[in-house]
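Source file: query-v6.txt (compact mmCIF, C-alpha atoms)
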# COMPACT_ATOMS: atom_id res chain seq x y z
CA THR A 28 38.64 -1.87 -45.16
CA ASP A 29 37.96 -0.68 -48.69
CA ASP A 30 34.24 -1.46 -48.37
CA GLU A 31 32.51 1.92 -48.13
CA ASP A 32 29.44 0.55 -46.32
CA GLU A 33 31.56 -1.28 -43.76
CA LYS A 34 33.75 1.81 -43.33
CA ALA A 35 30.69 3.99 -42.72
CA ARG A 36 29.34 1.50 -40.16
CA LEU A 37 32.63 1.39 -38.26
CA GLU A 38 33.02 5.18 -38.28
CA ASN A 39 29.49 5.56 -36.95
CA GLN A 40 30.21 3.04 -34.19
CA LEU A 41 33.43 4.87 -33.32
CA GLU A 42 31.50 8.13 -33.05
CA LEU A 43 29.05 6.48 -30.66
CA PHE A 44 31.88 5.24 -28.44
CA ARG A 45 33.37 8.74 -28.38
CA GLY A 46 29.98 10.10 -27.42
CA ILE A 47 29.70 7.76 -24.44
CA ARG A 48 32.90 9.26 -23.02
CA VAL A 49 31.15 12.57 -22.35
CA PHE A 50 28.55 10.87 -20.13
CA ASP A 51 29.00 11.69 -16.44
CA LYS A 52 30.79 8.90 -14.61
CA PRO A 53 28.59 7.15 -12.02
CA ARG A 54 29.47 8.26 -8.51
CA ARG A 55 28.17 7.44 -5.04
CA ASP A 56 30.21 8.62 -2.05
CA TYR A 57 29.41 7.96 1.59
CA ASN A 58 31.43 9.87 4.19
CA ALA A 59 30.62 9.71 7.88
CA LEU A 60 31.88 10.62 11.32
CA GLN A 61 30.48 8.54 14.17
CA PHE A 62 30.69 8.96 17.95
CA THR A 63 29.70 6.01 20.14
CA MET A 64 29.20 5.56 23.87
CA SER A 65 28.44 2.53 25.99
CA ARG A 66 28.33 2.28 29.76
CA ARG A 67 27.33 -0.39 32.23
CA PHE A 68 26.36 1.59 35.30
CA SER A 69 25.70 -1.55 37.30
CA LYS A 70 25.05 -5.24 36.80
CA ASN A 71 21.43 -4.46 35.96
CA PHE A 72 21.72 -1.11 34.14
CA TYR A 73 23.22 -0.68 30.68
CA VAL A 74 23.11 2.19 28.15
CA GLN A 75 24.64 2.58 24.70
CA GLY A 76 24.27 5.27 22.08
CA SER A 77 25.76 6.79 18.97
CA TYR A 78 25.61 9.91 16.82
CA THR A 79 26.49 9.79 13.14
CA TYR A 80 27.04 12.76 10.86
CA SER A 81 27.18 11.60 7.26
CA LYS A 82 26.85 12.65 3.64
CA THR A 83 25.77 10.38 0.79
CA GLN A 84 26.31 12.25 -2.45
CA GLY A 85 26.64 11.45 -6.10
CA ASN A 86 24.66 10.98 -9.28
CA TYR A 87 23.99 7.25 -9.13
CA PRO A 88 21.78 5.73 -6.39
CA GLY A 89 23.05 2.15 -6.72
CA LEU A 90 21.57 -1.16 -7.79
CA VAL A 91 18.05 0.05 -6.98
CA SER A 92 16.77 3.36 -8.34
CA TYR A 93 14.67 5.14 -5.74
CA ASP A 94 14.04 7.96 -8.18
CA ASN A 95 11.78 6.09 -10.59
CA GLY A 96 11.14 2.89 -8.66
CA GLN A 97 13.26 0.73 -10.97
CA ILE A 98 14.33 -2.42 -9.11
CA ASP A 99 16.45 -4.13 -11.75
CA PRO A 100 19.93 -4.63 -10.21
CA ASN A 101 22.71 -3.65 -12.62
CA ILE A 102 20.17 -2.32 -15.14
CA SER A 103 19.37 1.39 -15.04
CA SER A 104 17.58 3.66 -17.48
CA GLN A 105 19.71 6.55 -16.23
CA TYR A 106 22.59 5.93 -18.65
CA ASP A 107 20.50 5.13 -21.71
CA LEU A 108 20.12 8.76 -22.79
CA ILE A 109 22.49 11.62 -22.06
CA GLU A 110 19.70 14.07 -21.22
CA LEU A 111 18.65 11.81 -18.32
CA LEU A 112 21.98 12.57 -16.57
CA SER A 113 21.31 16.29 -16.13
CA ASN A 114 20.78 17.58 -12.55
CA ARG A 115 21.52 14.14 -11.06
CA TYR A 116 24.44 15.09 -8.81
CA GLY A 117 23.66 15.96 -5.20
CA PRO A 118 22.45 14.36 -1.95
CA LEU A 119 21.19 10.87 -2.82
CA ASN A 120 17.98 9.35 -1.51
CA GLN A 121 19.91 7.52 1.22
CA ASP A 122 21.35 10.79 2.56
CA ARG A 123 20.39 11.42 6.19
CA PRO A 124 23.03 13.77 7.68
CA HIS A 125 22.09 13.32 11.35
CA TYR A 126 21.32 9.98 12.98
CA ILE A 127 21.01 9.48 16.75
CA LYS A 128 20.62 6.05 18.37
CA LEU A 129 20.10 5.43 22.07
CA ASP A 130 19.40 2.05 23.70
CA GLY A 131 19.21 1.02 27.32
CA TYR A 132 17.72 -1.46 29.74
CA TYR A 133 17.31 -2.02 33.47
CA LYS A 134 16.70 -5.33 35.22
CA PHE A 135 14.79 -5.61 38.49
CA ASP A 136 16.01 -8.68 40.34
CA LEU A 137 13.10 -10.23 42.25
CA LYS A 138 15.28 -13.07 43.56
CA LYS A 139 13.34 -16.34 43.50
CA ALA A 140 10.31 -14.59 42.01
CA GLY A 141 12.26 -13.94 38.80
CA GLU A 142 13.32 -10.70 37.16
CA ILE A 143 11.69 -7.87 35.21
CA THR A 144 13.48 -6.17 32.32
CA ILE A 145 12.53 -2.76 31.00
CA GLY A 146 14.27 -1.52 27.87
CA THR A 147 13.88 1.37 25.49
CA ARG A 148 15.12 2.33 22.05
CA LEU A 149 15.28 5.89 20.70
CA ARG A 150 15.93 6.79 17.08
CA ALA A 151 16.16 10.32 15.65
CA LEU A 152 17.25 11.04 12.10
CA SER A 153 17.15 13.60 9.33
CA GLY A 154 14.59 13.41 6.56
CA VAL A 155 15.41 12.48 2.97
CA PRO A 156 16.05 14.88 0.05
CA ARG A 157 13.09 16.05 -2.02
CA GLN A 158 13.12 16.31 -5.80
CA ALA A 159 11.27 17.90 -8.70
CA GLN A 160 10.77 15.29 -11.40
CA ALA A 161 8.83 15.01 -14.64
CA GLY A 162 8.39 12.47 -17.39
CA HIS A 163 10.64 11.89 -20.36
CA TRP A 164 8.96 11.83 -23.78
CA LEU A 165 10.45 8.40 -24.58
CA TYR A 166 11.17 6.77 -21.21
CA GLY A 167 8.06 7.72 -19.27
CA PRO A 168 7.28 9.23 -15.84
CA GLY A 169 9.83 10.20 -13.21
CA GLU A 170 12.87 10.03 -15.49
CA ALA A 171 13.70 13.74 -15.89
CA PHE A 172 15.19 15.74 -13.00
CA LEU A 173 13.78 19.22 -13.59
CA LEU A 174 16.06 20.72 -10.92
CA PRO A 175 19.40 19.64 -9.41
CA ARG A 176 19.06 16.83 -6.90
CA GLY A 177 18.18 18.06 -3.40
CA THR A 178 17.33 21.65 -4.45
CA ILE A 179 13.82 21.50 -2.92
CA GLY A 180 15.12 20.61 0.56
CA ARG A 181 14.27 17.50 2.55
CA THR A 182 11.46 15.94 4.55
CA GLN A 183 11.09 16.65 8.26
CA PHE A 184 13.33 15.33 11.05
CA GLU A 185 11.93 12.06 12.43
CA THR A 186 11.98 10.48 15.89
CA GLY A 187 10.77 7.17 17.25
CA ILE A 188 10.64 5.48 20.67
CA ASP A 189 10.10 1.77 21.32
CA LEU A 190 9.57 0.08 24.70
CA HIS A 191 10.29 -3.47 25.85
CA VAL A 192 8.95 -5.07 29.04
CA GLY A 193 9.80 -8.65 29.95
CA TYR A 194 9.38 -11.02 32.87
CA ALA A 195 11.64 -14.07 33.24
CA LYS A 196 11.60 -16.90 35.76
CA LYS A 197 13.79 -19.95 36.15
CA LEU A 198 11.90 -23.22 35.86
CA ALA A 199 14.92 -25.38 36.55
CA LYS A 200 18.68 -25.04 36.97
CA ASN A 201 19.28 -24.64 33.23
CA MET A 202 15.86 -23.62 32.03
CA GLU A 203 14.25 -20.17 31.97
CA LEU A 204 10.90 -18.95 30.65
CA GLU A 205 10.43 -15.34 29.60
CA VAL A 206 7.28 -13.56 28.49
CA PHE A 207 7.56 -10.08 27.00
CA ALA A 208 5.80 -7.26 25.23
CA ASP A 209 7.31 -4.88 22.67
CA LEU A 210 5.59 -1.56 22.09
CA PHE A 211 6.66 0.09 18.85
CA ASN A 212 6.26 3.81 18.16
CA LEU A 213 5.31 4.60 21.74
CA VAL A 214 4.10 8.16 21.05
CA ASN A 215 2.31 7.13 17.82
CA ASP A 216 4.31 9.58 15.71
CA GLN A 217 3.36 8.60 12.16
CA GLY A 218 6.03 10.74 10.55
CA VAL A 219 6.69 11.39 6.89
CA ALA A 220 8.22 8.41 5.11
CA GLY A 221 7.88 9.94 1.64
CA VAL A 222 6.43 12.80 -0.38
CA ASP A 223 5.27 13.10 -3.97
CA ASP A 224 8.35 14.22 -5.92
CA THR A 225 6.59 14.25 -9.30
CA TYR A 226 6.26 17.92 -10.21
CA SER A 227 4.47 17.00 -13.43
CA PHE A 228 3.05 13.59 -14.31
CA GLN A 229 0.95 14.81 -17.26
CA SER A 230 3.83 16.46 -19.08
CA SER A 231 7.20 15.36 -20.39
CA ALA A 232 9.91 17.97 -20.00
CA ASN A 233 13.64 18.55 -20.31
CA PRO A 234 15.70 19.26 -17.16
CA VAL A 235 16.33 22.90 -16.26
CA SER A 236 20.06 22.44 -15.91
CA GLY A 237 21.31 24.09 -12.71
CA GLY A 238 17.93 25.76 -12.16
CA SER A 239 16.05 26.74 -9.01
CA TYR A 240 12.43 26.35 -7.92
CA GLU A 241 11.56 29.74 -9.44
CA ASP A 242 12.63 28.44 -12.86
CA LEU A 243 10.00 25.70 -12.96
CA ILE A 244 7.35 28.05 -14.34
CA PHE A 245 9.49 28.40 -17.49
CA ALA A 246 9.81 24.65 -18.11
CA LYS A 247 8.13 23.68 -21.38
CA GLU A 248 6.33 20.53 -22.44
CA VAL A 249 8.07 18.15 -24.80
CA ASP A 250 6.02 16.65 -27.60
CA GLU A 251 5.81 12.91 -26.91
CA GLY A 252 5.62 12.09 -30.59
CA SER A 253 8.66 13.95 -31.85
CA GLY A 254 10.70 14.71 -28.71
CA PHE A 255 10.84 18.43 -29.56
CA GLU A 256 10.13 21.11 -26.97
CA THR A 257 6.87 23.05 -27.37
CA PRO A 258 5.96 26.59 -26.23
CA GLU A 259 3.45 25.18 -23.72
CA PRO A 260 4.39 25.28 -19.99
CA ILE A 261 4.32 21.96 -18.16
CA LYS A 262 1.26 21.05 -16.09
CA ARG A 263 1.95 21.06 -12.34
CA ASN A 264 0.91 18.04 -10.33
CA PRO A 265 -1.55 19.33 -7.66
CA ASN A 266 -0.29 16.68 -5.25
CA TYR A 267 3.36 17.68 -5.63
CA GLY A 268 5.11 17.91 -2.24
CA ASN A 269 2.29 16.25 -0.35
CA VAL A 270 2.87 13.25 1.90
CA ASN A 271 2.34 9.93 0.12
CA ALA A 272 3.79 7.56 2.74
CA ARG A 273 3.92 7.55 6.55
CA TYR A 274 5.65 5.43 9.14
CA SER A 275 3.67 2.70 10.87
CA PRO A 276 1.40 3.72 13.78
CA ARG A 277 1.75 2.44 17.34
CA SER A 278 1.75 -1.34 17.55
CA VAL A 279 2.46 -4.03 20.12
CA GLN A 280 3.68 -7.60 19.93
CA PHE A 281 3.70 -10.26 22.64
CA GLY A 282 6.05 -13.18 22.84
CA ALA A 283 7.47 -15.97 24.94
CA ARG A 284 10.96 -17.45 25.00
CA LEU A 285 12.14 -20.68 26.57
CA SER A 286 15.88 -20.94 27.16
CA PHE A 287 17.59 -24.16 28.12
Go ahead and render the structure in this file as structure tokens.
Amino acid sequence: TDDEDEKARLENQLELFRGIRVFDKPRRDYNALQFTMSRRFSKNFYVQGSYTYSKTQGNYPGLVSYDNGQIDPNISSQYDLIELLSNRYGPLNQDRPHYIKLDGYYKFDLKKAGEITIGTRLRALSGVPRQAQAGHWLYGPGEAFLLPRGTIGRTQFETGIDLHVGYAKKLAKNMELEVFADLFNLVNDQGVAGVDDTYSFQSSANPVSGGSYEDLIFAKEVDEGSGFETPEPIKRNPNYGNVNARYSPRSVQFGARLSF
């Protein structure tokens, strides 16, 4: 085109497209090795279990962003601004390297009096990665990763045991009535389901690219009006690292089932 205004617009658009090419490509890799075992020791005794070692790594959590609570599938603030991509690569929120599952049951045959079933379920798994996040001067809280993903470590290893007890009796040739009780979280272990990952909720800050926990004291506030960094250190959230969610306490449910 010979139109100078149109030429300037097109050149500016071309420069923007070139700029997008330097954005990190979204990546989410899940690799796992699983061992399984199942054994019927007798007609009434059955056990199965598995152990999974896995890694979920990348810089993009998926359709739902656990980092800032954004639940808009296919819409993410992460790729709106290039500075929001810094420190994103590492173990994702779904990463739980060790996962053990064990299930089993035993049936007591009482002949004409019916049968009693006792079953149990054991789960043991690694905690989730912890982060150090702060606000972004334009996009709000939880958008800036002050440190590389997973640098702070992870929450504690969690275990849980459930118990099932049932009694069944035949009412007719093709009809059976069963009453049962399920006890969840037998030992009442209300483990850590989440911690406060917001290192600073009062301050906006730029990521400390490739930094460590010791570098956080040098992170500076960003002026929310202009977007420029100031000489002021960021304000630390006093609740940072504290538990903000726990697993459900012990509970029980009763039920009945009629099969015919």
Just the residues within 12 Å of Val49 in chain A, please, counting only C-alpha atoms, with nothing from its chain fewer than 4 positions along; format it as a VMD selection string. chain A and resid 42 to 45 53 106 108 to 110 112
Please identify every residue of range 107-173 of chain A that has at least one atom no farther than 10 Å from an atom of range 252-270 of chain A, counting only C-alpha atoms, and for each give the shortest atom pair and the distance in Å to one decimal, arranged by chain then increasing number, as a Markdown table.
| residue | atom | partner | partner_atom | distance |
| --- | --- | --- | --- | --- |
| A:Arg157 | CA | A:Gly268 | CA | 8.2 |
| A:Gln158 | CA | A:Gly268 | CA | 8.9 |
| A:Ala159 | CA | A:Tyr267 | CA | 8.5 |
| A:Gln160 | CA | A:Tyr267 | CA | 9.7 |
| A:Ala161 | CA | A:Ile261 | CA | 9.0 |
| A:His163 | CA | A:Gly254 | CA | 8.8 |
| A:Trp164 | CA | A:Gly254 | CA | 6.0 |
| A:Leu165 | CA | A:Gly254 | CA | 7.5 |
CA of His125 in chain A to CA of Thr79 in chain A, distance in Å rounded to a single decimal: 5.9 Å
Interatomic distance (Å, one decimal) between CA of Val219 in chain A and CA of Ser81 in chain A: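 So the two atoms, CA of Val219 in chain A and CA of Ser81 in chain A, lie 20.5 Å apart.
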Residue list as a PyMOL selection string for point (25.4, 1.8, 33.4), cut-off 12 Å, all atoms listed in the file: chain A and resi 64-76+130-134
Find the residues around range 181-188 of chain A up to 6 Å (only C-alpha atoms counted), leave out those fewer than 2 positions away in its own chain, and share them as a count of residues only. 12
Contacts of Tyr166 in chain A within 10 Å, all atoms listed in the file, excl. fewer than 2 positions in-chain, as a PyMOL selection string: chain A and resi 104-105+107-108+111+162-164+168-171+231+251
Sel. within 6 Å of pt (9.1, -1.2, 25.7), counting all atoms listed in the file, output as a PDB file with C-alpha atoms, keeping the file's coordinate frame:
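Result went into selection_38.pdb, see below:
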ATOM      1  CA  GLY A 146      14.270  -1.520  27.870  1.00  0.00           C
ATOM      2  CA  THR A 147      13.880   1.370  25.490  1.00  0.00           C
ATOM      3  CA  ASP A 189      10.100   1.770  21.320  1.00  0.00           C
ATOM      4  CA  LEU A 190       9.570   0.080  24.700  1.00  0.00           C
ATOM      5  CA  HIS A 191      10.290  -3.470  25.850  1.00  0.00           C
ATOM      6  CA  VAL A 192       8.950  -5.070  29.040  1.00  0.00           C
ATOM      7  CA  ASP A 209       7.310  -4.880  22.670  1.00  0.00           C
ATOM      8  CA  LEU A 210       5.590  -1.560  22.090  1.00  0.00           C
TER       9      LEU A 210
END
Would you compute the distance between CA of Phe135 in chain A and CA of Phe211 in chain A? Give it in Å to one decimal. 22.0 Å
Go through A:Val249, A:Ala272, A:Val206, A:Ile179 one by one, measure the shortest atom-to-atom distance of each to Asp223 in chain A using only C-alpha atoms, and give the residue with the smallest value. A:Ala272
Residue with smallest distance to Glu203 in chain A - pool A:Tyr87, A:Tyr93, A:Tyr78, A:Phe287, counting all atoms listed in the file: A:Phe287
Mind dumping a table of every range 95-155 of chain A residue within 12 Å of range 237-248 of chain A, with the nearest atom pair and its distance in Å to one decimal, using all atoms listed in the file, sorted by chain and rising number, as a Markdown table?
| residue | atom | partner | partner_atom | distance |
| --- | --- | --- | --- | --- |
| A:Ser113 | CA | A:Gly237 | CA | 8.5 |
| A:Asn114 | CA | A:Gly237 | CA | 6.5 |
| A:Arg115 | CA | A:Gly237 | CA | 10.1 |
| A:Tyr116 | CA | A:Gly237 | CA | 10.3 |
| A:Gly117 | CA | A:Gly237 | CA | 11.3 |
Please rebuild range 45-79 of chain A with N, CA and C atoms and return the result as a PDB file, in the coordinates of the input.
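Output contents, as saved in selection_11.pdb:
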ATOM      1  N   ARG A  45      32.845   7.434 -28.812  1.00  0.00           N
ATOM      2  CA  ARG A  45      33.370   8.740 -28.380  1.00  0.00           C
ATOM      3  C   ARG A  45      32.308   9.526 -27.623  1.00  0.00           C
ATOM      4  N   GLY A  46      31.065   9.398 -28.084  1.00  0.00           N
ATOM      5  CA  GLY A  46      29.980  10.100 -27.420  1.00  0.00           C
ATOM      6  C   GLY A  46      29.748   9.626 -26.003  1.00  0.00           C
ATOM      7  N   ILE A  47      29.896   8.316 -25.781  1.00  0.00           N
ATOM      8  CA  ILE A  47      29.700   7.760 -24.440  1.00  0.00           C
ATOM      9  C   ILE A  47      30.690   8.357 -23.446  1.00  0.00           C
ATOM     10  N   ARG A  48      31.873   8.734 -23.921  1.00  0.00           N
ATOM     11  CA  ARG A  48      32.900   9.260 -23.020  1.00  0.00           C
ATOM     12  C   ARG A  48      32.498  10.586 -22.363  1.00  0.00           C
ATOM     13  N   VAL A  49      31.557  11.297 -22.945  1.00  0.00           N
ATOM     14  CA  VAL A  49      31.150  12.570 -22.350  1.00  0.00           C
ATOM     15  C   VAL A  49      30.048  12.370 -21.316  1.00  0.00           C
ATOM     16  N   PHE A  50      29.541  11.145 -21.174  1.00  0.00           N
ATOM     17  CA  PHE A  50      28.550  10.870 -20.130  1.00  0.00           C
ATOM     18  C   PHE A  50      29.221  11.040 -18.762  1.00  0.00           C
ATOM     19  N   ASP A  51      28.474  11.565 -17.798  1.00  0.00           N
ATOM     20  CA  ASP A  51      29.000  11.690 -16.440  1.00  0.00           C
ATOM     21  C   ASP A  51      29.313  10.308 -15.872  1.00  0.00           C
ATOM     22  N   LYS A  52      30.448  10.177 -15.230  1.00  0.00           N
ATOM     23  CA  LYS A  52      30.790   8.900 -14.610  1.00  0.00           C
ATOM     24  C   LYS A  52      29.906   8.659 -13.393  1.00  0.00           C
ATOM     25  N   PRO A  53      29.424   7.431 -13.205  1.00  0.00           N
ATOM     26  CA  PRO A  53      28.590   7.150 -12.020  1.00  0.00           C
ATOM     27  C   PRO A  53      29.403   7.338 -10.749  1.00  0.00           C
ATOM     28  N   ARG A  54      28.765   7.964  -9.760  1.00  0.00           N
ATOM     29  CA  ARG A  54      29.470   8.260  -8.510  1.00  0.00           C
ATOM     30  C   ARG A  54      28.504   8.175  -7.337  1.00  0.00           C
ATOM     31  N   ARG A  55      28.947   7.516  -6.274  1.00  0.00           N
ATOM     32  CA  ARG A  55      28.170   7.440  -5.040  1.00  0.00           C
ATOM     33  C   ARG A  55      29.147   7.404  -3.874  1.00  0.00           C
ATOM     34  N   ASP A  56      29.238   8.496  -3.140  1.00  0.00           N
ATOM     35  CA  ASP A  56      30.210   8.620  -2.050  1.00  0.00           C
ATOM     36  C   ASP A  56      29.498   8.723  -0.708  1.00  0.00           C
ATOM     37  N   TYR A  57      29.935   7.899   0.223  1.00  0.00           N
ATOM     38  CA  TYR A  57      29.410   7.960   1.590  1.00  0.00           C
ATOM     39  C   TYR A  57      30.556   8.308   2.525  1.00  0.00           C
ATOM     40  N   ASN A  58      30.434   9.434   3.210  1.00  0.00           N
ATOM     41  CA  ASN A  58      31.430   9.870   4.190  1.00  0.00           C
ATOM     42  C   ASN A  58      30.723  10.115   5.512  1.00  0.00           C
ATOM     43  N   ALA A  59      31.299   9.599   6.588  1.00  0.00           N
ATOM     44  CA  ALA A  59      30.620   9.710   7.880  1.00  0.00           C
ATOM     45  C   ALA A  59      31.617   9.858   9.015  1.00  0.00           C
ATOM     46  N   LEU A  60      31.149  10.511  10.069  1.00  0.00           N
ATOM     47  CA  LEU A  60      31.880  10.620  11.320  1.00  0.00           C
ATOM     48  C   LEU A  60      30.940  10.151  12.421  1.00  0.00           C
ATOM     49  N   GLN A  61      31.365   9.137  13.181  1.00  0.00           N
ATOM     50  CA  GLN A  61      30.480   8.540  14.170  1.00  0.00           C
ATOM     51  C   GLN A  61      31.102   8.590  15.563  1.00  0.00           C
ATOM     52  N   PHE A  62      30.289   8.976  16.552  1.00  0.00           N
ATOM     53  CA  PHE A  62      30.690   8.960  17.950  1.00  0.00           C
ATOM     54  C   PHE A  62      29.819   7.923  18.667  1.00  0.00           C
ATOM     55  N   THR A  63      30.442   7.049  19.427  1.00  0.00           N
ATOM     56  CA  THR A  63      29.700   6.010  20.140  1.00  0.00           C
ATOM     57  C   THR A  63      30.012   6.063  21.626  1.00  0.00           C
ATOM     58  N   MET A  64      29.059   5.588  22.419  1.00  0.00           N
ATOM     59  CA  MET A  64      29.200   5.560  23.870  1.00  0.00           C
ATOM     60  C   MET A  64      28.484   4.331  24.385  1.00  0.00           C
ATOM     61  N   SER A  65      29.107   3.629  25.311  1.00  0.00           N
ATOM     62  CA  SER A  65      28.440   2.530  25.990  1.00  0.00           C
ATOM     63  C   SER A  65      28.905   2.504  27.441  1.00  0.00           C
ATOM     64  N   ARG A  66      27.979   2.244  28.334  1.00  0.00           N
ATOM     65  CA  ARG A  66      28.330   2.280  29.760  1.00  0.00           C
ATOM     66  C   ARG A  66      27.436   1.315  30.535  1.00  0.00           C
ATOM     67  N   ARG A  67      28.070   0.459  31.307  1.00  0.00           N
ATOM     68  CA  ARG A  67      27.330  -0.390  32.230  1.00  0.00           C
ATOM     69  C   ARG A  67      27.435   0.262  33.605  1.00  0.00           C
ATOM     70  N   PHE A  68      26.351   0.871  34.034  1.00  0.00           N
ATOM     71  CA  PHE A  68      26.360   1.590  35.300  1.00  0.00           C
ATOM     72  C   PHE A  68      26.323   0.632  36.489  1.00  0.00           C
ATOM     73  N   SER A  69      25.728  -0.508  36.279  1.00  0.00           N
ATOM     74  CA  SER A  69      25.700  -1.550  37.300  1.00  0.00           C
ATOM     75  C   SER A  69      25.429  -2.872  36.606  1.00  0.00           C
ATOM     76  N   LYS A  70      25.325  -3.932  37.373  1.00  0.00           N
ATOM     77  CA  LYS A  70      25.050  -5.240  36.800  1.00  0.00           C
ATOM     78  C   LYS A  70      23.726  -5.256  36.060  1.00  0.00           C
ATOM     79  N   ASN A  71      22.793  -4.440  36.510  1.00  0.00           N
ATOM     80  CA  ASN A  71      21.430  -4.460  35.960  1.00  0.00           C
ATOM     81  C   ASN A  71      21.101  -3.273  35.057  1.00  0.00           C
ATOM     82  N   PHE A  72      22.031  -2.340  34.875  1.00  0.00           N
ATOM     83  CA  PHE A  72      21.720  -1.110  34.140  1.00  0.00           C
ATOM     84  C   PHE A  72      22.768  -0.887  33.062  1.00  0.00           C
ATOM     85  N   TYR A  73      22.306  -0.827  31.811  1.00  0.00           N
ATOM     86  CA  TYR A  73      23.220  -0.680  30.680  1.00  0.00           C
ATOM     87  C   TYR A  73      22.647   0.320  29.675  1.00  0.00           C
ATOM     88  N   VAL A  74      23.519   1.181  29.134  1.00  0.00           N
ATOM     89  CA  VAL A  74      23.110   2.190  28.150  1.00  0.00           C
ATOM     90  C   VAL A  74      24.171   2.244  27.043  1.00  0.00           C
ATOM     91  N   GLN A  75      23.723   2.353  25.804  1.00  0.00           N
ATOM     92  CA  GLN A  75      24.640   2.580  24.700  1.00  0.00           C
ATOM     93  C   GLN A  75      23.987   3.550  23.718  1.00  0.00           C
ATOM     94  N   GLY A  76      24.817   4.303  23.025  1.00  0.00           N
ATOM     95  CA  GLY A  76      24.270   5.270  22.080  1.00  0.00           C
ATOM     96  C   GLY A  76      25.311   5.669  21.053  1.00  0.00           C
ATOM     97  N   SER A  77      24.849   6.318  20.003  1.00  0.00           N
ATOM     98  CA  SER A  77      25.760   6.790  18.970  1.00  0.00           C
ATOM     99  C   SER A  77      25.149   7.982  18.238  1.00  0.00           C
ATOM    100  N   TYR A  78      26.022   8.803  17.696  1.00  0.00           N
ATOM    101  CA  TYR A  78      25.610   9.910  16.820  1.00  0.00           C
ATOM    102  C   TYR A  78      26.449   9.835  15.559  1.00  0.00           C
ATOM    103  N   THR A  79      25.797   9.866  14.418  1.00  0.00           N
ATOM    104  CA  THR A  79      26.490   9.790  13.140  1.00  0.00           C
ATOM    105  C   THR A  79      26.156  11.012  12.303  1.00  0.00           C
TER     106      THR A  79
END
